[in-house]
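File shown here: upload29.pdb, holding PDB, C-alpha atoms.
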```
ATOM      1  CA  MET A 203      51.170 -23.538  96.567
ATOM      2  CA  SER A 204      51.830 -20.012  95.330
ATOM      3  CA  PHE A 205      50.840 -16.969  97.367
ATOM      4  CA  GLN A 206      48.297 -16.001  94.690
ATOM      5  CA  SER A 207      46.686 -19.459  94.753
ATOM      6  CA  PHE A 208      46.606 -19.386  98.537
ATOM      7  CA  HIS A 209      45.026 -15.902  98.497
ATOM      8  CA  THR A 210      42.368 -16.996  95.988
ATOM      9  CA  LEU A 211      41.556 -20.111  98.004
ATOM     10  CA  THR A 212      41.283 -18.060 101.180
ATOM     11  CA  ARG A 213      38.879 -15.596  99.554
ATOM     12  CA  ARG A 214      36.709 -18.421  98.254
ATOM     13  CA  THR A 215      36.694 -20.107 101.649
ATOM     14  CA  CYS A 216      35.679 -16.868 103.385
ATOM     15  CA  LEU A 217      32.976 -16.202 100.819
ATOM     16  CA  ALA A 218      31.551 -19.701 101.188
ATOM     17  CA  ALA A 219      31.565 -19.324 104.956
ATOM     18  CA  LEU A 220      29.799 -15.986 104.701
ATOM     19  CA  LEU A 221      27.077 -17.345 102.409
ATOM     20  CA  ALA A 222      26.607 -20.341 104.661
ATOM     21  CA  ALA A 223      26.172 -18.031 107.636
ATOM     22  CA  LEU A 224      23.469 -15.876 106.032
ATOM     23  CA  PRO A 225      20.515 -18.204 106.783
ATOM     24  CA  CYS A 226      21.695 -18.413 110.379
ATOM     25  CA  ALA A 227      21.962 -14.628 110.593
ATOM     26  CA  GLN A 228      18.460 -14.256 109.204
ATOM     27  CA  ALA A 229      17.131 -16.808 111.674
ATOM     28  CA  VAL A 230      18.810 -14.953 114.516
ATOM     29  CA  ALA A 231      17.334 -11.640 113.277
ATOM     30  CA  GLN A 232      13.851 -13.124 113.196
ATOM     31  CA  SER A 233      14.216 -14.788 116.578
ATOM     32  CA  GLN A 234      15.289 -11.444 118.050
ATOM     33  CA  TRP A 235      12.273  -9.580 116.652
ATOM     34  CA  PRO A 236      10.809  -7.777 118.413
ATOM     35  CA  SER A 237      13.739  -6.789 120.583
ATOM     36  CA  ARG A 238      12.173  -3.544 121.803
ATOM     37  CA  PRO A 239       8.733  -1.847 121.844
ATOM     38  CA  ILE A 240       6.779  -1.782 118.573
ATOM     39  CA  ARG A 241       5.444   1.609 117.470
ATOM     40  CA  ILE A 242       2.324   1.868 115.327
ATOM     41  CA  MET A 243       1.767   5.203 113.603
ATOM     42  CA  VAL A 244      -1.917   6.029 113.130
ATOM     43  CA  PRO A 245      -3.002   8.991 110.947
ATOM     44  CA  ALA A 246      -6.129   9.564 113.033
ATOM     45  CA  PRO A 247      -6.958  11.147 116.390
ATOM     46  CA  ALA A 248      -7.536   9.219 119.582
ATOM     47  CA  GLY A 249     -11.053   7.839 119.471
ATOM     48  CA  GLY A 250     -11.103   7.609 115.669
ATOM     49  CA  ALA A 251     -11.835   4.311 113.936
ATOM     50  CA  SER A 252      -8.205   3.617 112.992
ATOM     51  CA  ASP A 253      -7.079   4.445 116.507
ATOM     52  CA  MET A 254      -9.583   1.991 117.979
ATOM     53  CA  ILE A 255      -8.497  -0.769 115.576
ATOM     54  CA  ALA A 256      -4.851  -0.129 116.396
ATOM     55  CA  ARG A 257      -5.434  -0.293 120.139
ATOM     56  CA  THR A 258      -7.476  -3.485 119.787
ATOM     57  CA  LEU A 259      -4.673  -5.186 117.847
ATOM     58  CA  ALA A 260      -1.973  -3.708 120.083
ATOM     59  CA  GLU A 261      -3.310  -5.493 123.144
ATOM     60  CA  SER A 262      -3.299  -8.848 121.338
ATOM     61  CA  LEU A 263       0.210  -8.306 119.925
ATOM     62  CA  ARG A 264       1.490  -7.165 123.320
ATOM     63  CA  GLN A 265       0.353 -10.398 124.941
ATOM     64  CA  ASP A 266       1.809 -12.660 122.241
ATOM     65  CA  LEU A 267       5.078 -10.852 121.523
ATOM     66  CA  LYS A 268       5.882  -9.942 125.150
ATOM     67  CA  GLN A 269       6.808  -6.411 124.116
ATOM     68  CA  PRO A 270       5.017  -3.082 124.580
ATOM     69  CA  VAL A 271       3.059  -1.913 121.517
ATOM     70  CA  ILE A 272       2.803   1.864 121.443
ATOM     71  CA  ILE A 273       0.180   3.733 119.410
ATOM     72  CA  GLU A 274       1.285   7.139 118.140
ATOM     73  CA  ASN A 275      -1.373   9.386 116.614
ATOM     74  CA  LYS A 276       0.218  11.284 113.708
ATOM     75  CA  LEU A 277      -2.576  13.402 112.265
ATOM     76  CA  GLY A 278      -2.827  15.333 109.058
ATOM     77  CA  ALA A 279      -1.673  15.510 105.446
ATOM     78  CA  GLY A 280      -3.561  12.415 104.342
ATOM     79  CA  GLY A 281      -1.312  10.032 106.258
ATOM     80  CA  ILE A 282       1.951  11.596 105.041
ATOM     81  CA  ILE A 283       3.059  12.565 108.558
ATOM     82  CA  ALA A 284       2.478   9.033 109.869
ATOM     83  CA  VAL A 285       4.275   7.408 106.932
ATOM     84  CA  GLU A 286       7.251   9.756 107.094
ATOM     85  CA  ALA A 287       7.625   8.981 110.807
ATOM     86  CA  MET A 288       7.956   5.321 109.834
ATOM     87  CA  LEU A 289      10.324   6.058 106.942
ATOM     88  CA  GLN A 290      12.625   8.013 109.258
ATOM     89  CA  ALA A 291      12.783   5.167 111.795
ATOM     90  CA  PRO A 292      15.139   2.157 111.558
ATOM     91  CA  ARG A 293      13.871  -0.296 108.935
ATOM     92  CA  ASP A 294      13.781  -3.268 111.279
ATOM     93  CA  GLY A 295      10.069  -3.961 111.705
ATOM     94  CA  HIS A 296       9.659  -2.086 114.984
ATOM     95  CA  THR A 297       7.864   0.910 113.426
ATOM     96  CA  LEU A 298       4.665   0.400 111.404
ATOM     97  CA  VAL A 299       1.711   2.336 110.032
ATOM     98  CA  LEU A 300      -1.934   1.354 110.497
ATOM     99  CA  SER A 301      -4.275   3.305 108.234
ATOM    100  CA  PRO A 302      -7.380   3.045 106.109
ATOM    101  CA  ASN A 303      -6.516   1.863 102.616
ATOM    102  CA  SER A 304      -7.238   5.396 101.449
ATOM    103  CA  LEU A 305      -3.592   6.015 102.329
ATOM    104  CA  VAL A 306      -2.624   4.555  98.941
ATOM    105  CA  ALA A 307      -5.985   4.209  97.177
ATOM    106  CA  GLU A 308      -7.209   7.800  97.450
ATOM    107  CA  ASN A 309      -4.864  10.215  99.193
ATOM    108  CA  PRO A 310      -2.228  10.335  96.416
ATOM    109  CA  TYR A 311      -4.807  12.209  94.305
ATOM    110  CA  SER A 312      -5.195  14.945  96.931
ATOM    111  CA  TYR A 313      -1.776  15.309  98.556
ATOM    112  CA  LYS A 314       1.771  15.733  97.283
ATOM    113  CA  PHE A 315       3.522  12.646  98.578
ATOM    114  CA  ARG A 316       7.299  12.781  98.959
ATOM    115  CA  PHE A 317       7.349   9.005  98.642
ATOM    116  CA  ASP A 318       5.872   6.425  96.282
ATOM    117  CA  PRO A 319       2.992   4.649  98.065
ATOM    118  CA  PHE A 320       3.452   1.535  95.923
ATOM    119  CA  LYS A 321       7.262   1.380  96.139
ATOM    120  CA  ASP A 322       8.198   2.837  99.508
ATOM    121  CA  LEU A 323       5.389   1.051 101.371
ATOM    122  CA  VAL A 324       4.389  -2.588 101.452
ATOM    123  CA  PRO A 325       1.138  -3.874 102.995
ATOM    124  CA  VAL A 326       1.518  -6.555 105.637
ATOM    125  CA  ALA A 327      -2.158  -7.433 106.183
ATOM    126  CA  GLN A 328      -5.619  -5.939 105.926
ATOM    127  CA  VAL A 329      -6.844  -6.070 109.501
ATOM    128  CA  ALA A 330     -10.405  -4.739 109.336
ATOM    129  CA  SER A 331     -13.158  -3.652 106.986
ATOM    130  CA  VAL A 332     -16.194  -1.491 107.528
ATOM    131  CA  PRO A 333     -18.820   0.301 105.430
ATOM    132  CA  LEU A 334     -19.442   4.001 105.629
ATOM    133  CA  VAL A 335     -22.734   5.259 106.976
ATOM    134  CA  LEU A 336     -24.370   8.472 105.826
ATOM    135  CA  VAL A 337     -25.449  10.233 109.010
ATOM    136  CA  ALA A 338     -27.456  13.395 109.589
ATOM    137  CA  ASP A 339     -28.141  15.880 112.345
ATOM    138  CA  PRO A 340     -31.195  14.234 114.006
ATOM    139  CA  ARG A 341     -32.884  17.607 114.416
ATOM    140  CA  LEU A 342     -33.332  17.873 110.656
ATOM    141  CA  PRO A 343     -36.615  16.661 109.092
ATOM    142  CA  VAL A 344     -34.647  13.978 107.245
ATOM    143  CA  LYS A 345     -35.198  10.266 107.857
ATOM    144  CA  ASN A 346     -34.043   8.693 104.601
ATOM    145  CA  ILE A 347     -32.199   9.451 101.357
ATOM    146  CA  THR A 348     -35.327  10.775  99.635
ATOM    147  CA  ASP A 349     -35.844  13.238 102.487
ATOM    148  CA  LEU A 350     -32.181  14.287 102.298
ATOM    149  CA  VAL A 351     -32.376  15.049  98.576
ATOM    150  CA  SER A 352     -35.583  17.036  99.033
ATOM    151  CA  TYR A 353     -34.158  18.956 101.986
ATOM    152  CA  VAL A 354     -30.938  19.936 100.214
ATOM    153  CA  LYS A 355     -32.755  21.013  97.059
ATOM    154  CA  SER A 356     -35.163  23.129  99.092
ATOM    155  CA  HIS A 357     -32.238  24.830 100.869
ATOM    156  CA  PRO A 358     -29.904  25.737  97.985
ATOM    157  CA  GLY A 359     -26.424  26.721  99.107
ATOM    158  CA  GLN A 360     -27.272  26.173 102.765
ATOM    159  CA  THR A 361     -26.206  22.604 103.444
ATOM    160  CA  SER A 362     -22.789  21.043 103.973
ATOM    161  CA  TYR A 363     -21.273  17.620 104.503
ATOM    162  CA  ALA A 364     -18.197  16.735 106.527
ATOM    163  CA  SER A 365     -15.355  14.361 105.804
ATOM    164  CA  TYR A 366     -12.850  13.028 108.317
ATOM    165  CA  SER A 367     -10.086  14.143 105.947
ATOM    166  CA  PRO A 368     -10.065  15.785 102.511
ATOM    167  CA  GLY A 369      -9.389  13.388  99.670
ATOM    168  CA  THR A 370     -10.460  10.270 101.558
ATOM    169  CA  ILE A 371     -13.412   7.998 100.819
ATOM    170  CA  SER A 372     -15.453  10.082 103.279
ATOM    171  CA  HIS A 373     -14.923  13.119 101.029
ATOM    172  CA  ILE A 374     -15.193  11.262  97.721
ATOM    173  CA  LYS A 375     -18.502   9.612  98.613
ATOM    174  CA  GLY A 376     -19.958  13.052  99.344
ATOM    175  CA  MET A 377     -18.776  14.345  95.974
ATOM    176  CA  GLN A 378     -20.148  11.293  94.202
ATOM    177  CA  PHE A 379     -23.480  11.625  95.986
ATOM    178  CA  ASN A 380     -23.627  15.333  95.134
ATOM    179  CA  LYS A 381     -23.186  14.519  91.461
ATOM    180  CA  ALA A 382     -25.476  11.468  91.392
ATOM    181  CA  ALA A 383     -28.358  13.320  93.097
ATOM    182  CA  ALA A 384     -27.650  16.718  91.497
ATOM    183  CA  LEU A 385     -27.047  18.387  94.871
ATOM    184  CA  ASP A 386     -24.939  21.374  95.906
ATOM    185  CA  MET A 387     -23.766  20.411  99.388
ATOM    186  CA  VAL A 388     -20.510  22.109 100.390
ATOM    187  CA  HIS A 389     -17.641  19.955 101.634
ATOM    188  CA  VAL A 390     -15.971  20.731 104.968
ATOM    189  CA  GLY A 391     -12.854  18.688 105.735
ATOM    190  CA  TYR A 392     -11.710  17.785 109.247
ATOM    191  CA  LYS A 393      -8.774  16.046 110.899
ATOM    192  CA  GLY A 394     -10.543  12.895 111.969
ATOM    193  CA  SER A 395     -14.088  11.757 112.647
ATOM    194  CA  PRO A 396     -14.489  12.934 116.276
ATOM    195  CA  PRO A 397     -14.261  16.689 115.544
ATOM    196  CA  ALA A 398     -16.438  16.327 112.452
ATOM    197  CA  LEU A 399     -19.115  14.430 114.356
ATOM    198  CA  THR A 400     -18.978  17.009 117.151
ATOM    199  CA  ASP A 401     -19.813  19.764 114.669
ATOM    200  CA  LEU A 402     -22.523  17.647 113.067
ATOM    201  CA  MET A 403     -24.179  17.121 116.442
ATOM    202  CA  GLY A 404     -23.759  20.829 117.120
ATOM    203  CA  GLY A 405     -25.589  21.786 113.938
ATOM    204  CA  GLN A 406     -22.634  23.372 112.121
ATOM    205  CA  ILE A 407     -22.653  20.512 109.595
ATOM    206  CA  GLN A 408     -25.745  18.716 108.329
ATOM    207  CA  PHE A 409     -24.466  15.424 106.906
ATOM    208  CA  MET A 410     -21.423  13.150 106.841
ATOM    209  CA  PHE A 411     -20.198   9.908 105.308
ATOM    210  CA  ASP A 412     -18.404   8.351 108.264
ATOM    211  CA  GLY A 413     -16.919   4.994 109.143
ATOM    212  CA  LEU A 414     -19.438   2.875 110.994
ATOM    213  CA  GLY A 415     -16.976   2.351 113.842
ATOM    214  CA  THR A 416     -17.094   5.946 115.066
ATOM    215  CA  SER A 417     -20.719   6.685 114.239
ATOM    216  CA  LEU A 418     -22.316   3.523 115.605
ATOM    217  CA  PRO A 419     -22.178   4.526 119.307
ATOM    218  CA  LEU A 420     -23.700   7.910 118.426
ATOM    219  CA  VAL A 421     -26.407   6.244 116.334
ATOM    220  CA  LYS A 422     -27.302   3.999 119.265
ATOM    221  CA  ALA A 423     -27.412   7.034 121.561
ATOM    222  CA  GLY A 424     -29.692   8.901 119.148
ATOM    223  CA  LYS A 425     -27.126  11.680 118.660
ATOM    224  CA  VAL A 426     -26.865  11.191 114.885
ATOM    225  CA  ARG A 427     -29.378   9.677 112.466
ATOM    226  CA  PRO A 428     -28.268   6.973 109.995
ATOM    227  CA  LEU A 429     -29.735   7.300 106.508
ATOM    228  CA  ALA A 430     -27.905   4.635 104.487
ATOM    229  CA  VAL A 431     -24.803   2.420 104.487
ATOM    230  CA  THR A 432     -22.349   1.936 101.627
ATOM    231  CA  SER A 433     -22.047  -1.847 101.946
ATOM    232  CA  PRO A 434     -23.631  -4.009  99.211
ATOM    233  CA  GLN A 435     -25.869  -5.593 101.853
ATOM    234  CA  ARG A 436     -27.361  -4.135 105.006
ATOM    235  CA  SER A 437     -25.028  -4.066 107.969
ATOM    236  CA  PRO A 438     -25.893  -6.559 110.717
ATOM    237  CA  PHE A 439     -25.085  -3.739 113.150
ATOM    238  CA  LEU A 440     -27.778  -1.499 111.574
ATOM    239  CA  PRO A 441     -30.252  -3.956 110.101
ATOM    240  CA  ASP A 442     -33.024  -1.360 109.765
ATOM    241  CA  VAL A 443     -30.859   1.067 107.765
ATOM    242  CA  PRO A 444     -31.044   0.591 103.974
ATOM    243  CA  THR A 445     -28.054   0.470 101.687
ATOM    244  CA  LEU A 446     -27.325   3.212  99.171
ATOM    245  CA  ALA A 447     -28.062   0.614  96.495
ATOM    246  CA  GLU A 448     -31.542   0.088  97.946
ATOM    247  CA  SER A 449     -31.934   3.864  98.035
ATOM    248  CA  GLY A 450     -31.262   4.184  94.311
ATOM    249  CA  TYR A 451     -27.482   4.727  94.234
ATOM    250  CA  PRO A 452     -25.836   1.324  93.638
ATOM    251  CA  GLN A 453     -22.767   2.989  92.080
ATOM    252  CA  LEU A 454     -21.834   4.351  95.502
ATOM    253  CA  SER A 455     -21.468   0.950  97.189
ATOM    254  CA  GLN A 456     -18.035   0.450  98.737
ATOM    255  CA  ILE A 457     -16.343  -1.103 101.768
ATOM    256  CA  MET A 458     -13.440   0.621 103.502
ATOM    257  CA  GLY A 459     -10.455  -1.535 104.423
ATOM    258  CA  THR A 460      -7.777  -0.807 107.025
ATOM    259  CA  SER A 461      -4.285  -2.273 106.730
ATOM    260  CA  VAL A 462      -0.905  -2.381 108.409
ATOM    261  CA  TRP A 463       2.089  -1.215 106.365
ATOM    262  CA  SER A 464       5.826  -1.661 106.631
ATOM    263  CA  THR A 465       8.695  -0.707 104.318
ATOM    264  CA  PRO A 466       9.949  -3.141 101.666
ATOM    265  CA  ASP A 467      13.477  -3.147 103.077
ATOM    266  CA  VAL A 468      12.390  -4.643 106.393
ATOM    267  CA  PRO A 469      13.628  -8.248 106.190
ATOM    268  CA  ALA A 470      11.020 -10.453 104.532
ATOM    269  CA  ASP A 471      11.083 -12.993 107.356
ATOM    270  CA  ILE A 472      10.236 -10.293 109.903
ATOM    271  CA  ARG A 473       7.371  -9.006 107.750
ATOM    272  CA  GLU A 474       6.078 -12.565 107.438
ATOM    273  CA  ARG A 475       6.321 -13.076 111.201
ATOM    274  CA  LEU A 476       4.388  -9.842 111.699
ATOM    275  CA  ARG A 477       1.736 -10.945 109.195
ATOM    276  CA  GLN A 478       1.352 -14.235 111.063
ATOM    277  CA  GLU A 479       0.963 -12.395 114.370
ATOM    278  CA  LEU A 480      -1.642 -10.049 112.892
ATOM    279  CA  ASN A 481      -3.529 -12.988 111.381
ATOM    280  CA  LYS A 482      -3.455 -14.730 114.742
ATOM    281  CA  ALA A 483      -4.882 -11.629 116.387
ATOM    282  CA  MET A 484      -7.626 -11.247 113.756
ATOM    283  CA  ALA A 485      -8.629 -14.877 114.175
ATOM    284  CA  SER A 486      -9.009 -14.557 117.940
ATOM    285  CA  THR A 487     -12.485 -14.381 119.415
ATOM    286  CA  ALA A 488     -11.542 -11.406 121.594
ATOM    287  CA  VAL A 489     -10.398  -9.229 118.671
ATOM    288  CA  LYS A 490     -13.381 -10.224 116.517
ATOM    289  CA  GLN A 491     -15.761  -9.305 119.336
ATOM    290  CA  GLN A 492     -14.044  -5.976 119.961
ATOM    291  CA  LEU A 493     -14.133  -5.077 116.268
ATOM    292  CA  ALA A 494     -17.759  -6.205 116.014
ATOM    293  CA  ALA A 495     -18.603  -3.832 118.859
ATOM    294  CA  LEU A 496     -17.267  -1.093 116.574
ATOM    295  CA  GLY A 497     -19.352  -2.293 113.632
ATOM    296  CA  MET A 498     -16.310  -3.764 111.887
ATOM    297  CA  ASP A 499     -15.300  -7.108 110.449
ATOM    298  CA  ALA A 500     -11.846  -8.529 111.106
ATOM    299  CA  GLY A 501      -9.577  -8.995 108.106
ATOM    300  CA  ASN A 502      -9.377 -12.292 106.254
ATOM    301  CA  PRO A 503      -6.271 -14.239 107.379
ATOM    302  CA  ALA A 504      -6.368 -16.219 104.123
ATOM    303  CA  GLN A 505      -5.716 -13.091 102.049
ATOM    304  CA  THR A 506      -2.144 -13.088 100.746
ATOM    305  CA  VAL A 507       0.071 -10.030 100.508
ATOM    306  CA  ALA A 508      -0.008 -10.301  96.710
ATOM    307  CA  GLU A 509      -3.823 -10.319  96.737
ATOM    308  CA  LEU A 510      -3.881  -7.288  99.021
ATOM    309  CA  GLU A 511      -1.436  -5.423  96.781
ATOM    310  CA  GLN A 512      -3.642  -6.131  93.753
ATOM    311  CA  LEU A 513      -6.733  -4.965  95.667
ATOM    312  CA  LEU A 514      -5.060  -1.698  96.639
ATOM    313  CA  LYS A 515      -3.971  -1.006  93.054
ATOM    314  CA  ARG A 516      -7.521  -1.664  91.798
ATOM    315  CA  GLU A 517      -8.930   0.716  94.433
ATOM    316  CA  ASN A 518      -6.389   3.348  93.440
ATOM    317  CA  GLU A 519      -7.400   3.035  89.794
ATOM    318  CA  ARG A 520     -11.111   3.117  90.711
ATOM    319  CA  THR A 521     -10.577   6.321  92.661
ATOM    320  CA  GLY A 522      -8.749   7.917  89.755
ATOM    321  CA  VAL A 523     -11.600   7.123  87.378
ATOM    322  CA  ALA A 524     -14.177   8.542  89.811
ATOM    323  CA  LEU A 525     -12.232  11.731  90.471
ATOM    324  CA  ARG A 526     -11.509  12.402  86.808
ATOM    325  CA  ALA A 527     -15.195  11.949  86.022
ATOM    326  CA  MET A 528     -15.970  14.733  88.531
ATOM    327  CA  ASN A 529     -13.108  16.977  87.340
ATOM    328  CA  TYR A 530     -11.779  16.899  90.882
ATOM    329  CA  LYS A 531      -9.067  19.382  91.820
ATOM    330  CA  PRO A 532      -7.456  19.068  95.271
TER     331      PRO A 532
END
```

Could you render the structure from this file as structure tokens?
Amino acid sequence: MSFQSFHTLTRRTCLAALLAALPCAQAVAQSQWPSRPIRIMVPAPAGGASDMIARTLAESLRQDLKQPVIIENKLGAGGIIAVEAMLQAPRDGHTLVLSPNSLVAENPYSYKFRFDPFKDLVPVAQVASVPLVLVADPRLPVKNITDLVSYVKSHPGQTSYASYSPGTISHIKGMQFNKAAALDMVHVGYKGSPPALTDLMGGQIQFMFDGLGTSLPLVKAGKVRPLAVTSPQRSPFLPDVPTLAESGYPQLSQIMGTSVWSTPDVPADIRERLRQELNKAMASTAVKQQLAALGMDAGNPAQTVAELEQLLKRENERTGVALRAMNYKP
């Protein structure tokens, strides 16, 4: 055998051995995940709805994966800070983002992203869903949507509504309601629900579209007054509160989803293992009960990643249509 033939044979043998070893290497990589603490970046303050969802899931994951699960609150810039923290970390499935779906469905219309939300991020699973609730300062003479409209129109230029972040569904619903009811409420954006609700209870802000998770305890305590929910049907957590559709604004009905994201270059088998672990957590009675206490529904484990990706793209397109119709400028 010539040296060239021997060299060619050796290369082919090494290549075949390498290809044969790949499945084993992937299996080893998956079996070793997680090999250190998992970090979940949350673009919301402690006590916010996303933070509470993350901490609920973290406890379940911690028990099943036998690794610490650390929640890191990365506020501001419509989720950009949280996402960039993940993008700067090793792409091995140990750093994730948990955020409302507004991260990709709404925020790109209000913030200058330095990444492509549909190329540089990949959803792993939608873990919770919740309607918004329109709440008011209980000291106002406003008990329903009709009262709200009358109050705002009788106080021109004197009323405002909060959002937990500019450009999110909390902001957009206020803009849509302003237009639909011909109102002139002024928007005031905050970094999270807790500071916005504090100002609402203090009288600095009159109204707010907020996630049910953060407002529900305050509603029960009588510190804010619920006027309507954005879900198509009444919430079982607030059965006496009408929907916006019942109140004459069916076009404002919408549910807010919350998902976990990774990066597309994390090995697919690790992302699938993570999805399975999240689905297991969502199916557990303990997690369902904890989310229900926050007025939330757990995600649907039967939803595929492809279905979630399609849902997020539809929500992004829906937001674009709504914002263009209002001539929105960030």

In Å, how far is it from CA of Ser304 (chain A) to CA of Thr487 (chain A)?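 Pair CA of Ser304 (chain A) / CA of Thr487 (chain A) returns 27.2 Å.
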
If you measure from CA of Met403 (chain A) to CA of Ser437 (chain A), what distance in Å do you get, rounded to one decimal? 22.8 Å

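Closest approach to Val332 (chain A) from the set A:Ile371, A:Ala423, A:Ile240, A:Ala488 is made by A:Ile371, with distances taken over all atoms listed in the file.
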
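Checking A:Ala483, A:Val468, A:Val299, A:Val335 one by one against Leu267 (chain A), counting all atoms listed in the file, you find the shortest gap at A:Ala483.
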
Go through A:Gly424, A:Pro325, A:Gly359, A:Gly369 one by one, measure the shortest atom-to-atom distance of each to Ala338 (chain A) using all atoms listed in the file, and give the residue with the smallest value.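 Smallest distance to Ala338 (chain A) is found for A:Gly424.
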
Could you give me, as an MDAnalysis selection string, the residues that have an atom at most 7 Å away from the point (-0.9, 4.7, 112.5) in the coordinates of the file, using all atoms listed in the file? chainID A and resid 242:245 274:276 284 299:301

I'd like to know which of A:Pro333, A:Ser461, A:Met387, A:Gly405 is closest to Arg436 (chain A), using only C-alpha atoms.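 With only C-alpha atoms as the atom set, the closest residue is A:Pro333.
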
With distances taken over only C-alpha atoms, which of A:Leu446, A:Ala384, A:Leu334, A:Val326 is nearest to Leu476 (chain A)?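 Closest to Leu476 (chain A) of all the choices is A:Val326.
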
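Compared by their closest atoms to Pro503 (chain A), and using all atoms listed in the file, the residues A:Thr370, A:Gly459, A:Val329, A:Gly415 rank with A:Val329 nearest.
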
Close residues, Asp386 (chain A) itself excluded, 10 Å, only C-alpha atoms, min 6 positions apart in chain, as a list in words: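 Using only C-alpha atoms, the neighbours found are Val354, Lys355, His357, Pro358, Gly359, Gln360, Thr361, Ser362, Met377, Phe379 and Asn380 of chain A.
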